[in-house]
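Peer 1: Next comes the structure file data-v5.txt, holding compact mmCIF, C-alpha atoms.
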# COMPACT_ATOMS: atom_id res chain seq x y z
CA MET A 1 -5.76 -23.51 14.79
CA ALA A 2 -5.25 -22.37 11.20
CA GLU A 3 -6.78 -19.03 12.13
CA LEU A 4 -4.19 -18.59 14.89
CA LEU A 5 -1.39 -19.55 12.51
CA LEU A 6 -2.63 -16.96 10.01
CA LEU A 7 -2.76 -14.34 12.75
CA ILE A 8 0.82 -15.17 13.77
CA GLY A 9 2.03 -15.39 10.15
CA GLY A 10 0.39 -12.07 9.36
CA GLY A 11 1.96 -10.62 12.50
CA ALA A 12 5.42 -11.80 11.45
CA ALA A 13 4.93 -10.31 7.99
CA GLY A 14 3.81 -7.06 9.62
CA VAL A 15 6.89 -6.93 11.85
CA PHE A 16 9.31 -7.73 9.01
CA GLY A 17 7.60 -5.35 6.60
CA ALA A 18 7.46 -2.43 9.01
CA LEU A 19 11.05 -2.87 10.25
CA LEU A 20 12.45 -3.09 6.73
CA GLY A 21 10.20 -0.45 5.21
CA LEU A 22 8.46 -2.88 2.87
CA GLY A 23 4.82 -3.84 2.57
CA GLY A 24 4.11 -7.27 3.99
CA GLY A 25 2.90 -8.56 0.63
CA LEU A 26 6.24 -10.10 -0.32
CA LEU A 27 5.85 -12.50 2.61
CA ILE A 28 2.08 -12.84 2.82
CA VAL A 29 1.58 -14.18 -0.69
CA PRO A 30 4.15 -17.00 -0.26
CA LEU A 31 2.82 -17.66 3.26
CA LEU A 32 -0.69 -18.18 1.94
CA THR A 33 0.24 -20.14 -1.18
CA LEU A 34 3.11 -22.28 0.09
CA GLY A 35 2.03 -22.46 3.74
CA PHE A 36 -1.74 -22.75 3.44
CA GLY A 37 -2.16 -24.06 -0.09
CA LEU A 38 -4.24 -21.14 -1.37
CA GLN A 39 -4.51 -20.30 -5.05
CA LEU A 40 -2.16 -17.48 -5.99
CA ARG A 41 -4.98 -15.11 -6.94
CA GLU A 42 -6.74 -15.62 -3.60
CA ALA A 43 -3.45 -15.00 -1.82
CA VAL A 44 -2.90 -11.81 -3.80
CA GLY A 45 -6.42 -10.60 -2.95
CA ALA A 46 -5.87 -11.16 0.78
CA SER A 47 -2.41 -9.62 0.56
CA LEU A 48 -3.77 -6.43 -1.01
CA VAL A 49 -6.08 -6.01 2.02
CA CYS A 50 -3.08 -6.45 4.34
CA VAL A 51 -1.02 -3.97 2.32
CA ILE A 52 -3.79 -1.37 2.68
CA VAL A 53 -3.79 -1.87 6.45
CA THR A 54 -0.03 -1.38 6.79
CA SER A 55 -0.04 1.56 4.40
CA SER A 56 -2.91 3.33 6.16
CA ALA A 57 -1.35 2.83 9.59
CA ALA A 58 2.09 4.02 8.48
CA ALA A 59 0.84 6.87 6.29
CA SER A 60 -1.25 8.32 9.11
CA VAL A 61 1.90 8.60 11.24
CA TYR A 62 3.98 10.02 8.39
CA LEU A 63 1.33 12.66 7.64
CA GLN A 64 1.01 13.67 11.26
CA ARG A 65 4.81 13.98 11.46
CA ASP A 66 4.75 16.03 8.26
CA GLN A 67 7.15 13.63 6.51
CA ALA A 68 5.03 12.64 3.48
CA ASN A 69 4.50 14.90 0.46
CA LEU A 70 0.72 14.67 0.15
CA ARG A 71 0.48 16.67 -3.08
CA LEU A 72 3.15 14.69 -4.89
CA GLY A 73 1.73 11.42 -3.60
CA MET A 74 -1.79 12.22 -4.76
CA THR A 75 -0.59 13.36 -8.17
CA LEU A 76 1.31 10.11 -8.75
CA GLU A 77 -1.59 8.11 -7.27
CA MET A 78 -3.67 8.95 -10.32
CA PHE A 79 -1.28 6.78 -12.33
CA THR A 80 -0.54 4.01 -9.80
CA ALA A 81 -4.28 3.53 -9.25
CA LEU A 82 -5.02 3.44 -12.97
CA ALA A 83 -2.28 0.86 -13.53
CA ALA A 84 -3.49 -1.16 -10.54
CA LEU A 85 -6.93 -1.31 -12.13
CA ALA A 86 -5.33 -2.65 -15.31
CA GLY A 87 -3.14 -5.03 -13.29
CA GLY A 88 -6.15 -6.40 -11.46
CA LEU A 89 -7.82 -7.20 -14.76
CA VAL A 90 -4.67 -8.75 -16.24
CA ALA A 91 -4.18 -10.91 -13.13
CA PHE A 92 -7.47 -12.68 -13.87
CA LEU A 93 -6.37 -13.39 -17.45
CA LEU A 94 -2.88 -14.81 -16.81
CA PRO A 95 -2.34 -18.48 -15.90
CA GLU A 96 -1.53 -19.04 -12.21
CA LYS A 97 1.72 -20.80 -13.03
CA LEU A 98 2.97 -17.85 -15.04
CA LEU A 99 2.02 -15.50 -12.20
CA ALA A 100 3.96 -17.72 -9.77
CA LEU A 101 7.06 -17.56 -11.97
CA MET A 102 6.76 -13.79 -12.29
CA PHE A 103 6.33 -13.49 -8.53
CA ALA A 104 9.48 -15.57 -8.01
CA ALA A 105 11.36 -13.20 -10.31
CA LEU A 106 10.06 -10.23 -8.30
CA LEU A 107 11.27 -11.81 -5.05
CA LEU A 108 14.74 -12.37 -6.50
CA TYR A 109 14.82 -8.79 -7.76
CA VAL A 110 13.92 -7.46 -4.31
CA ALA A 111 16.52 -9.72 -2.65
CA ALA A 112 19.19 -8.48 -5.08
CA THR A 113 18.13 -4.86 -4.57
CA MET A 114 18.37 -5.27 -0.80
CA ALA A 115 21.80 -6.87 -1.10
CA ARG A 116 23.33 -4.11 -3.18
CA GLY A 117 21.20 -1.09 -2.27
CA ARG A 118 21.97 -0.92 1.40
CA ALA A 119 23.37 2.59 1.25
CA VAL A 120 20.33 3.90 -0.55
CA GLU A 121 17.89 2.24 1.83
CA THR A 122 19.52 3.28 5.04
CA GLY A 123 20.77 6.75 4.11
CA ALA A 124 19.39 9.51 6.25
CA TYR A 125 19.20 12.21 3.63
CA VAL A 126 20.09 11.74 0.02
CA GLY A 127 19.12 15.15 -1.22
CA THR A 128 18.37 15.75 -4.83
CA ALA A 129 19.68 14.24 -8.00
CA THR A 130 20.40 17.55 -9.62
CA PRO A 131 23.24 19.76 -8.49
CA GLY A 132 22.13 22.73 -6.51
CA ALA A 133 18.57 21.59 -6.14
CA GLY A 134 19.05 20.22 -2.67
CA SER A 135 19.00 23.46 -0.79
CA ALA A 136 15.97 25.39 0.28
CA ALA A 137 15.09 28.53 -1.54
CA PRO A 138 16.18 31.67 0.26
CA GLY A 139 13.44 32.78 2.57
CA ALA A 140 11.45 29.58 2.29
CA ALA A 141 9.65 29.02 5.56
CA PRO A 142 9.69 25.61 7.22
CA GLY A 143 6.75 23.63 5.93
CA GLU A 144 6.55 25.63 2.76
CA PRO A 145 7.72 24.26 -0.58
CA THR A 146 10.85 25.41 -2.32
CA SER A 147 9.87 28.22 -4.65
CA ALA A 148 9.23 27.32 -8.24
CA ASP A 149 11.61 28.45 -10.91
CA PRO A 150 9.40 29.58 -13.77
CA SER A 151 12.20 28.97 -16.25
CA ASP A 152 12.56 25.27 -15.54
CA GLY A 153 9.52 24.34 -17.63
CA GLU A 154 8.19 21.98 -15.02
CA GLY A 155 5.56 24.12 -13.33
CA LEU A 156 3.62 21.17 -11.96
CA ALA A 157 6.71 19.47 -10.58
CA ALA A 158 7.81 22.68 -8.93
CA ALA A 159 4.41 23.12 -7.34
CA LEU A 160 4.74 19.62 -5.88
CA SER A 161 8.13 20.30 -4.35
CA GLY A 162 8.70 20.37 -0.62
CA PRO A 163 10.91 22.16 1.88
CA GLY A 164 14.55 21.81 0.82
CA TYR A 165 14.07 19.95 -2.43
CA ARG A 166 12.59 20.47 -5.87
CA VAL A 167 10.77 17.69 -7.67
CA HIS A 168 11.73 17.14 -11.31
CA SER A 169 11.48 14.50 -14.06
CA MET A 170 7.71 14.11 -13.65
CA GLY A 171 7.48 12.09 -16.87
CA ARG A 172 9.76 9.37 -15.56
CA GLY A 173 8.01 9.54 -12.22
CA ILE A 174 4.70 8.88 -13.93
CA ALA A 175 6.18 5.95 -15.87
CA GLY A 176 7.54 4.47 -12.63
CA SER A 177 4.17 4.97 -10.96
CA LEU A 178 2.43 3.08 -13.74
CA LEU A 179 4.87 0.18 -13.29
CA ALA A 180 4.43 0.23 -9.50
CA GLY A 181 0.64 0.09 -9.82
CA LEU A 182 0.82 -2.83 -12.22
CA VAL A 183 3.20 -4.76 -9.96
CA SER A 184 1.02 -4.04 -6.93
CA ALA A 185 -2.18 -5.46 -8.39
CA LEU A 186 -0.51 -8.41 -10.12
CA PHE A 187 1.38 -9.62 -7.06
CA GLY A 188 -0.42 -8.18 -4.04
CA VAL A 189 2.48 -6.01 -2.95
CA GLY A 190 2.78 -2.31 -2.19
CA GLY A 191 5.09 -1.44 -5.05
CA GLY A 192 7.35 0.65 -2.84
CA ILE A 193 10.32 -1.22 -4.24
CA VAL A 194 9.64 0.62 -7.52
CA LYS A 195 8.34 3.94 -6.22
CA VAL A 196 10.94 4.77 -3.60
CA PRO A 197 13.97 4.51 -5.94
CA ILE A 198 12.13 6.41 -8.68
CA MET A 199 11.16 9.27 -6.38
CA ASN A 200 14.51 9.34 -4.64
CA LEU A 201 17.01 8.76 -7.43
CA VAL A 202 15.09 10.10 -10.44
CA MET A 203 12.73 12.78 -9.13
CA GLY A 204 15.00 14.33 -6.52
CA VAL A 205 12.85 13.58 -3.48
CA PRO A 206 14.82 12.97 -0.26
CA LEU A 207 14.77 9.31 0.78
CA ARG A 208 12.87 9.90 3.99
CA VAL A 209 10.14 11.82 2.15
CA ALA A 210 10.10 9.30 -0.72
CA THR A 211 9.56 6.41 1.71
CA ALA A 212 6.78 8.24 3.53
CA THR A 213 5.12 9.37 0.30
CA SER A 214 5.34 5.86 -1.17
CA ASN A 215 3.62 4.51 1.93
CA LEU A 216 0.86 7.05 1.46
CA MET A 217 0.38 6.08 -2.19
CA ILE A 218 0.31 2.33 -1.51
CA GLY A 219 -3.10 2.55 0.16
CA VAL A 220 -4.94 4.05 -2.82
CA THR A 221 -3.01 1.88 -5.28
CA ALA A 222 -3.78 -1.35 -3.46
CA SER A 223 -7.35 -0.16 -2.96
CA ALA A 224 -7.89 0.19 -6.71
CA GLY A 225 -6.53 -3.33 -7.27
CA ALA A 226 -8.40 -4.80 -4.30
CA LEU A 227 -11.74 -3.51 -5.58
CA VAL A 228 -11.28 -5.50 -8.79
CA TYR A 229 -10.43 -8.62 -6.75
CA LEU A 230 -13.34 -7.97 -4.37
CA PHE A 231 -15.99 -7.80 -7.06
CA ARG A 232 -14.52 -10.73 -9.00
CA GLY A 233 -14.58 -13.10 -6.03
CA GLY A 234 -10.80 -12.94 -5.52
CA ILE A 235 -10.87 -12.08 -1.81
CA ASP A 236 -11.55 -14.85 0.72
CA PRO A 237 -12.85 -13.12 3.88
CA TYR A 238 -12.00 -16.14 6.05
CA VAL A 239 -8.34 -15.73 5.11
CA ALA A 240 -8.07 -11.98 4.63
CA ALA A 241 -9.62 -10.90 7.95
CA PRO A 242 -7.38 -12.79 10.43
CA THR A 243 -4.26 -12.19 8.32
CA ALA A 244 -4.90 -8.44 8.12
CA VAL A 245 -5.52 -8.22 11.87
CA GLY A 246 -2.23 -10.06 12.43
CA VAL A 247 -0.40 -7.71 10.08
CA PHE A 248 -1.79 -4.68 11.93
CA ILE A 249 -0.67 -6.07 15.30
CA GLY A 250 2.75 -6.97 13.88
CA ALA A 251 3.27 -3.57 12.29
CA SER A 252 2.27 -1.87 15.55
CA LEU A 253 4.72 -4.06 17.49
CA ALA A 254 7.49 -3.26 15.04
CA ALA A 255 7.37 0.41 16.00
CA ARG A 256 8.26 -0.61 19.57
CA LEU A 257 10.87 -3.14 18.47
CA ALA A 258 12.65 -0.95 15.94
CA HIS A 259 15.38 0.36 18.24
CA ARG A 260 16.13 -3.09 19.75
CA VAL A 261 16.57 -5.02 16.52
CA ASN A 262 19.78 -5.50 14.56
CA LEU A 263 18.54 -4.34 11.17
CA GLY A 264 21.61 -5.71 9.38
CA PHE A 265 20.91 -9.22 10.62
CA LEU A 266 17.20 -8.82 9.89
CA ARG A 267 17.96 -7.70 6.35
CA LEU A 268 20.19 -10.75 5.85
CA LEU A 269 17.53 -13.06 7.21
CA PHE A 270 14.87 -11.42 5.07
CA GLY A 271 17.03 -11.66 1.95
CA ALA A 272 17.67 -15.36 2.55
CA THR A 273 13.94 -15.90 3.13
CA LEU A 274 13.15 -14.14 -0.14
CA VAL A 275 15.60 -16.28 -2.12
CA PHE A 276 14.28 -19.52 -0.56
CA THR A 277 10.69 -18.42 -1.16
CA ALA A 278 11.48 -17.45 -4.74
CA LEU A 279 12.81 -20.94 -5.43
CA GLU A 280 9.69 -22.51 -3.90
CA MET A 281 7.43 -20.25 -5.93
CA ALA A 282 9.41 -20.99 -9.09
CA LEU A 283 8.99 -24.71 -8.47
CA GLN A 284 5.26 -24.14 -8.08
CA GLY A 285 5.20 -22.27 -11.36
CA MET A 286 7.00 -24.98 -13.31
CA PRO A 287 4.82 -26.80 -15.86
CA MET B 1 -5.32 26.06 5.81
CA LYS B 2 -1.52 26.18 6.20
CA ARG B 3 0.55 23.30 4.89
CA GLY B 4 1.63 21.02 7.70
CA HIS B 5 -1.54 21.57 9.70
CA PHE B 6 -3.53 20.30 6.72
CA GLU B 7 -1.37 17.15 6.42
CA ARG B 8 -1.66 16.48 10.15
CA THR B 9 -5.45 16.74 9.98
CA ILE B 10 -5.55 14.28 7.07
CA GLY B 11 -3.20 11.99 9.01
CA LEU B 12 -5.54 12.06 11.99
CA VAL B 13 -8.52 11.18 9.79
CA LEU B 14 -6.54 8.28 8.34
CA ALA B 15 -5.44 7.06 11.77
CA VAL B 16 -8.99 7.00 13.13
CA ALA B 17 -10.34 5.30 10.00
CA THR B 18 -7.60 2.65 10.15
CA VAL B 19 -8.28 1.78 13.79
CA VAL B 20 -12.02 1.62 13.20
CA SER B 21 -11.71 -0.57 10.10
CA VAL B 22 -9.23 -2.98 11.73
CA ALA B 23 -11.50 -3.17 14.80
CA LEU B 24 -14.35 -4.17 12.50
CA LEU B 25 -12.11 -6.82 10.94
CA ALA B 26 -11.14 -8.09 14.39
CA ILE B 27 -14.83 -8.43 15.29
CA GLY B 28 -15.33 -10.49 12.15
CA ALA B 29 -12.28 -12.65 12.92
CA ALA B 30 -13.53 -13.18 16.47
CA GLY B 31 -16.89 -14.15 15.03
CA MET B 32 -15.15 -16.79 12.93
CA ALA B 33 -13.53 -18.25 16.04
CA ALA B 34 -16.83 -18.16 17.92
CA SER B 35 -18.57 -19.95 15.04
CA SER B 36 -15.75 -22.53 14.75
CA ILE B 37 -15.10 -21.48 11.16
CA GLY B 38 -11.51 -21.90 9.98
CA PRO B 39 -9.75 -19.84 7.32
CA LEU B 40 -9.56 -22.82 5.00
CA ASP B 41 -13.26 -23.71 5.22
CA ARG B 42 -14.93 -23.75 1.83
CA PRO B 43 -16.95 -22.30 0.24
CA PHE B 44 -16.28 -18.83 1.57
CA PRO B 45 -19.10 -16.26 1.39
CA GLN B 46 -19.11 -14.18 -1.78
CA PHE B 47 -19.27 -10.40 -1.65
CA ASP B 48 -22.75 -9.11 -2.46
CA VAL B 49 -23.38 -5.40 -2.05
CA ALA B 50 -27.15 -5.85 -2.12
CA ARG B 51 -27.09 -8.33 0.76
CA LEU B 52 -24.54 -6.50 2.89
CA PRO B 53 -26.92 -4.16 4.83
CA ALA B 54 -29.22 -7.03 5.79
CA ASP B 55 -26.30 -9.27 6.77
CA VAL B 56 -24.79 -6.52 8.91
CA ALA B 57 -28.12 -5.65 10.51
CA GLY B 58 -28.69 -9.32 11.25
CA LEU B 59 -25.17 -9.55 12.74
CA ARG B 60 -24.40 -12.43 10.39
CA LEU B 61 -20.75 -13.42 10.18
CA ALA B 62 -20.49 -12.84 6.44
CA GLY B 63 -21.87 -9.34 6.86
CA LEU B 64 -19.44 -8.48 9.64
CA LEU B 65 -16.45 -9.80 7.71
CA TRP B 66 -17.35 -8.01 4.50
CA LEU B 67 -18.11 -4.78 6.39
CA GLY B 68 -14.64 -4.88 7.94
CA LEU B 69 -12.94 -5.69 4.65
CA LEU B 70 -14.86 -3.00 2.80
CA ALA B 71 -13.97 -0.49 5.51
CA VAL B 72 -10.27 -1.37 5.15
CA ILE B 73 -10.35 -1.18 1.36
CA LEU B 74 -12.14 2.18 1.40
CA THR B 75 -10.02 3.77 4.13
CA PRO B 76 -7.53 5.28 1.63
CA SER B 77 -10.50 6.69 -0.31
CA LEU B 78 -11.68 8.44 2.84
CA ARG B 79 -8.26 10.09 3.03
CA VAL B 80 -8.69 11.25 -0.58
CA VAL B 81 -12.17 12.63 0.17
CA ALA B 82 -10.82 14.49 3.21
CA SER B 83 -8.01 15.88 1.05
CA LEU B 84 -10.50 16.94 -1.63
CA VAL B 85 -12.53 18.89 0.93
CA GLY B 86 -9.39 20.49 2.36
CA PHE B 87 -7.99 21.46 -1.03
CA ALA B 88 -11.34 22.86 -2.15
CA MET B 89 -11.71 24.89 1.04
CA SER B 90 -8.23 26.33 0.74
CA GLY B 91 -8.70 27.21 -2.92
CA GLU B 92 -6.14 24.72 -4.30
CA ARG B 93 -8.19 23.96 -7.39
CA ARG B 94 -5.51 21.94 -9.16
CA MET B 95 -5.04 19.60 -6.21
CA ALA B 96 -8.80 19.35 -5.71
CA GLY B 97 -8.98 18.25 -9.34
CA VAL B 98 -6.26 15.67 -8.74
CA ALA B 99 -8.19 14.30 -5.75
CA LEU B 100 -11.31 14.08 -7.90
CA VAL B 101 -9.45 12.13 -10.57
CA VAL B 102 -8.07 9.69 -7.95
CA LEU B 103 -11.60 9.14 -6.62
CA ALA B 104 -12.87 8.64 -10.17
CA VAL B 105 -10.22 5.95 -10.80
CA ILE B 106 -11.19 4.15 -7.58
CA CYS B 107 -14.87 4.26 -8.60
CA LEU B 108 -13.89 3.00 -12.04
CA SER B 109 -12.07 0.06 -10.43
CA ALA B 110 -15.21 -0.89 -8.54
CA ALA B 111 -17.35 -0.49 -11.65
CA VAL B 112 -15.01 -2.52 -13.84
CA GLY B 113 -14.64 -5.20 -11.16
CA ALA B 114 -18.39 -5.45 -10.71
CA GLY B 115 -19.00 -5.39 -14.44
CA GLY B 116 -16.78 -8.32 -15.28
Do you think you could lay out the structure here as structure tokens?
Peer 2:
Amino acid sequence: MAELLLLIGGGAAGVFGALLGLGGGLLIVPLLTLGFGLQLREAVGASLVCVIVTSSAAASVYLQRDQANLRLGMTLEMFTALAALAGGLVAFLLPEKLLALMFAALLLYVAATMARGRAVETGAYVGTATPGAGSAAPGAAPGEPTSADPSDGEGLAAALSGPGYRVHSMGRGIAGSLLAGLVSALFGVGGGIVKVPIMNLVMGVPLRVATATSNLMIGVTASAGALVYLFRGGIDPYVAAPTAVGVFIGASLAARLAHRVNLGFLRLLFGATLVFTALEMALQGMP
Amino acid sequence: MKRGHFERTIGLVLAVATVVSVALLAIGAAGMAASSIGPLDRPFPQFDVARLPADVAGLRLAGLLWLGLLAVILTPSLRVVASLVGFAMSGERRMAGVALVVLAVICLSAAVGAGG
């Protein structure tokens, strides 16, 4: 019975996550701790496995549709993965109650971001943050990156640019990636809530590409964190396997449901769920 | 290899690996149901690399579950390996180096996790 409930719970997290463009981790961790009484670290370990599943499934589609920037994603992955390794180690040092309080704060932050960032999340094309950088270079062929301007002093960033936009502010992108990796391994989430705004608003990557690239990066990031949990006994296979299968089914269903669902209502429901869950987690974290 | 085609090939590799790894997980989950083992049963089997081949060969539940989980966890690494090969073949040395660093960090994670 519990296995079926996990499958269904994982499925629901997969549907919500895929429809709203978030990893399922924000729901899976509370589901496992509050719903099934698991220790937070075990829940985070299982959640990281689920996050890898959703990321891999989504990223494969984004890559085949040519929406993700593979080169930029892999460059930033060096830093998200390194931070996830550190986060995995730190997670085993921090008291569970402190982790629960920090997780509650993360949930509230995400709920607040969703409430005020609607335009950013749903915009079709945001363009670039620097004037004039949003247009393709003259003569740039579709599928080819915007040509690098040798005078801009950001050779690497220019080489990582894509059609119609030029990547910039690599330093801040790297800092954001480090934060995203740390958050991912500490709380069992994808970290897209950090990466997408950084890439979009700071680095000049169009929203659609930033979302796809973030999805691509989540897999490697969560993988680095999950390996620490795996070897330290932080992944319960009895919990992780059925939940991850449920998440995969849910995420696959979401693709078919996407055009039939009122995303505004779903966002409201999700926000309310996050606030309620944050309060529950905060109560759990109280001394 | 032209950009676009390269990404689509990597995407295909990732798609196949994802389906295979989730199928392995589903076999493990089905094995749990068949063995009347619930998710909250304790103690759960610990991951042991040395025992994994024998457990898988013997079709033991722990082996099947860990094989599926390991396949899921390593699926993104497979994408990085495929990218490394593609970048190396197309002469993109800088990106091949980036892929190598990402793989090194993943290996470091496993080593640090196992070492602690």
Peer 1: Leaving out B:Val81 and any residue of its chain fewer than 2 positions from it, which residues lie within 10 Å of it when counting all atoms listed in the file, given as a ChimeraX atom specification?
Peer 2: /B:10,75-79,83-87,96,99-100,102-103
Peer 1: Store the residues of this selection in a file with C-alpha atoms, as a tab-separated table (two decimals), keeping the file's coordinate frame.
Peer 2:
chain	number	residue	atom	x	y	z
B	10	ILE	CA	-5.55	14.28	7.07
B	75	THR	CA	-10.02	3.77	4.13
B	76	PRO	CA	-7.53	5.28	1.63
B	77	SER	CA	-10.50	6.69	-0.31
B	78	LEU	CA	-11.68	8.44	2.84
B	79	ARG	CA	-8.26	10.09	3.03
B	83	SER	CA	-8.01	15.88	1.05
B	84	LEU	CA	-10.50	16.94	-1.63
B	85	VAL	CA	-12.53	18.89	0.93
B	86	GLY	CA	-9.39	20.49	2.36
B	87	PHE	CA	-7.99	21.46	-1.03
B	96	ALA	CA	-8.80	19.35	-5.71
B	99	ALA	CA	-8.19	14.30	-5.75
B	100	LEU	CA	-11.31	14.08	-7.90
B	102	VAL	CA	-8.07	9.69	-7.95
B	103	LEU	CA	-11.60	9.14	-6.62
Peer 1: Within 6 Å of chain A, which residues of chain B are there when counting all atoms listed in the file? Please give them as a PyMOL selection string.
Peer 2: chain B and resi 4+7-8+11+14-15+25+29+38-39+73+76+102+106+109-110+113-114
Peer 1: Please indicate the distance in Å from atom CA of A:His259 to atom CA of B:Leu12, rounded to one decimal place.
Peer 2: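 Between these atoms lies a distance of 24.8 Å.
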Peer 1: Just the residues within 12 Å of B:Arg51, please, counting all atoms listed in the file, with nothing from its chain fewer than 2 positions along; format it as an NGL selection string.
Peer 2: :B and (45-49 or 53-58 or 60 or 62-64 or 66-67)
Peer 1: Which distance in Å separates atom CA of A:Met286 and atom CA of A:Ala100, to one decimal?
Peer 2: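 Between these atoms lies a distance of 8.6 Å.
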Peer 1: Enter the distance from atom CA of A:Pro30 to atom CA of A:Ala43, in Å, rounded to one decimal.
Peer 2: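 About the pair atom CA of A:Pro30 and atom CA of A:Ala43: they are 8.0 Å apart.
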Peer 1: Could you work out an axis-aligned box for stretch 109-112 of chain B, taking every atom the file lists and adding 3 Å on each side, and report centre and edge lengths in Å to one decimal, as JSON?
Peer 2:
{"center_x": -14.7, "center_y": -1.2, "center_z": -11.2, "size_x": 11.3, "size_y": 8.6, "size_z": 11.3}
Peer 1: Which is closer to A:Leu283 than all the others in A:Ala12, A:Val205, A:Leu101, A:Leu40, using only C-alpha atoms?
Peer 2: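 Result for the nearest residue to A:Leu283: A:Leu101.
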Peer 1: Nearest to A:Pro206 among A:Gly35, A:Pro163, A:Gly155, A:Gly17, with distances taken over all atoms listed in the file: which residue is it?
Peer 2: A:Pro163
Peer 1: Tell me which of A:Val167, A:Ile8, A:Leu182, A:Val202 sits closest to A:Gly250, counting all atoms listed in the file.
Peer 2: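 Of A:Val167, A:Ile8, A:Leu182, A:Val202, the one nearest A:Gly250 is A:Ile8, counting all atoms listed in the file.
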Peer 1: With only C-alpha atoms as the basis for distance, which of A:Gly87, A:Gly9, A:Pro287, A:Gly173 is at the shortest distance from A:Met199?
Peer 2: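 Of A:Gly87, A:Gly9, A:Pro287, A:Gly173, the one nearest A:Met199, counting only C-alpha atoms, is A:Gly173.
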Peer 1: Please tell me which residues are no farther than 12 Å from (12.3, -7.9, 3.1) in the file, counting all atoms listed in the file, and write them as a ChimeraX atom specification.
Peer 2: /A:12-28,106-115,121,189,192-193,263-275,277
